[in-house]
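Trainee: My questions all concern the structure below.
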Amino acid sequence: MSGIKTVATLLKRWLIRALLTFVVLSIALVLVFRVVPPPRSMVMLERQISASLESRPFTLNYQWRAYDALSDQAKLAVIASEDQRFPFHYGIDFKQIRASIDRWVDGGSLRGASTISQQTARNLFLWTGRSWVRKGLEVWFTGLIELLWPKQRILEVYLNIAEWDAGVFGLEAASQHYFNRSSSRLTPSQAARLAAVLPAPDAWSPVAPSARVSRRAVWIQGQMRQLGGTRYLETLEH
């Protein structure tokens, strides 16, 4: 019996140390990426490893751009499309979650309520797929970046690591890939079309948009105007 207790005690100590190590390392990593551009995201690494295991060609197109060098139209477009309450929530938008559940109860589809902060956390630090473990880690990393990064940094990282096509990551790479121009020169229409395909970048195209993508892009532009144009981005400074 004493042997079992000893093993249990040792296991408990190991688990506590492992948890503390994870907490310290994850906080340190988030603090580093507050000021240092990530060399890769976990999704990029996953795509590279998957292609290698399947003997498929894979070219990573990833071009980091600082916040001020990114198109204000694109910043506004992704907020209008993905998370209009981004300046005001703390990573998880409980108001949007309740609204989504209410729509489902009323007979509508159960739509996701994932915020830009959540998407940034899981794209940068986690793997694709769905599980309760990943969801728990997503909540943890979302809380960390909301606590340790300003909103502008969250949006900057999100726009730089978002996937827009096979191997195409970040707004600058996507802008060059689809429109042959720098992301700083995107028009409102182009920015809206790029934002429109984010939910399914492997199936939707901003240069040959389906009727669904075209409708979504028009809606996004309407929301951009309704938010007050690029002046809305000033709310991120507070």
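Residue names in the structure tokens use chain letters A, B, ... in the order shown, residue numbers from 1 in each chain, and ligand numbers from 1 in the order shown.
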Sort by chain and increasing residue number a table of all residues of stretch 31-100 of chain A within 12 Å of stretch 190-205 of chain A, each with its closest pair of atoms and their distance in Å to one decimal, counting only C-alpha atoms, and write it as a tab-separated table.
Mentor:
residue	atom	partner	partner_atom	distance
A:Leu70	CA	A:Ala191	CA	11.0
A:Ser71	CA	A:Ala191	CA	8.2
A:Asp72	CA	A:Ala191	CA	9.2
A:Gln73	CA	A:Ala191	CA	6.0
A:Ala74	CA	A:Ala191	CA	4.7
A:Lys75	CA	A:Ala191	CA	8.4
A:Leu76	CA	A:Ala191	CA	8.6
A:Ala77	CA	A:Ala192	CA	5.4
A:Val78	CA	A:Ala195	CA	5.2
A:Ile79	CA	A:Ala195	CA	8.8
A:Ala80	CA	A:Ala195	CA	8.7
A:Ser81	CA	A:Ala195	CA	6.5
A:Glu82	CA	A:Ala195	CA	8.1
A:Asp83	CA	A:Ala195	CA	11.3
Trainee: Contacts of A:Val168 at 12 Å or less, counting only C-alpha atoms, minus same-chain residues fewer than 5 places along, as a list in words?
Mentor: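 Those residues are Val43, Met44, Arg47, Gln48, Phe58, Thr59, Leu60, Asn61, Tyr62, Gln63, Trp64, Leu159, Asn160, Ile161, Ala162, Glu163, Ala173, Ala174, Ser175, Gln176, His177, Tyr178, Leu198, Pro201 and Asp202 of chain A.
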Trainee: What gap, in Å, lies between atom CA of A:Ile116 and atom CA of A:Val207?
Mentor: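 These atoms are spaced 23.9 Å apart.
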Trainee: Give the strand (DSSP E) residues of stretch 88-195 of chain A, as DSSP finds them on the backbone, and put them as a list in words.
Mentor: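 These are the residues in question: Glu163, Trp164, Asp165, Val168 and Phe169 of chain A.
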Trainee: In Å, rounded to a single decimal, give me how far atom CA of A:Met42 is from atom CA of A:His89.
Mentor: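 Computed distance, atom CA of A:His89 to atom CA of A:Met42, equals 24.9 Å.
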Trainee: Measuring between only C-alpha atoms, which one of A:Ile154, A:Ala166, A:Ala211, A:Leu236 shows the shortest distance to A:Val30?
Mentor: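 Looking at the shortest contact to A:Val30, the residue is A:Ile154.
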Trainee: As a ChimeraX atom specification, please: the residues near A:Tyr67 (cut-off 9 Å, only C-alpha atoms, same-chain neighbours under 5 positions excluded).
Mentor: /A:152-153,155-157,159
Trainee: Write down as a PyMOL selection string the residues belonging to stretch 16-197 of chain A that are assigned helix (DSSP H, G or I) by DSSP computed on the backbone.
Mentor: chain A and resi 16-35+42-53+67-69+72-82+94-105+116-125+132-148+151-161+171-179+183-185+188-196
Trainee: For a quick check of understanding, using only C-alpha atoms, which of A:Ser117, A:Thr187, A:Ser50, A:Ser214 has the smallest distance to A:Ile92?
Mentor: A:Ser117
Trainee: Give me, please, the distance in Å between atom CA of A:Leu25 and atom CA of A:Phe141, quoted to one decimal.
Mentor: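 Atom-to-atom, atom CA of A:Leu25 to atom CA of A:Phe141, that is 11.6 Å.
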Trainee: Quick one: everything within 12 Å of A:Gly136, counting only C-alpha atoms, minus sequence neighbours fewer than 5 positions away in the same chain. Send it as a PyMOL selection string.
Mentor: chain A and resi 118+121-122+126+130-131+141-143
Trainee: When you count only C-alpha atoms, which of these residues is closest to A:Gly91: A:Val32, A:Leu10, A:Val139, A:Val213?
Mentor: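 Going through A:Val32, A:Leu10, A:Val139, A:Val213 one by one, the smallest distance to A:Gly91 is for A:Val139.
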Trainee: From the set A:Lys151, A:Ser183, A:Trp14, A:Leu124, which residue has the shortest atom-to-atom contact distance to A:Pro39, counting only C-alpha atoms?
Mentor: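 Closest to A:Pro39 of all the choices is A:Leu124.
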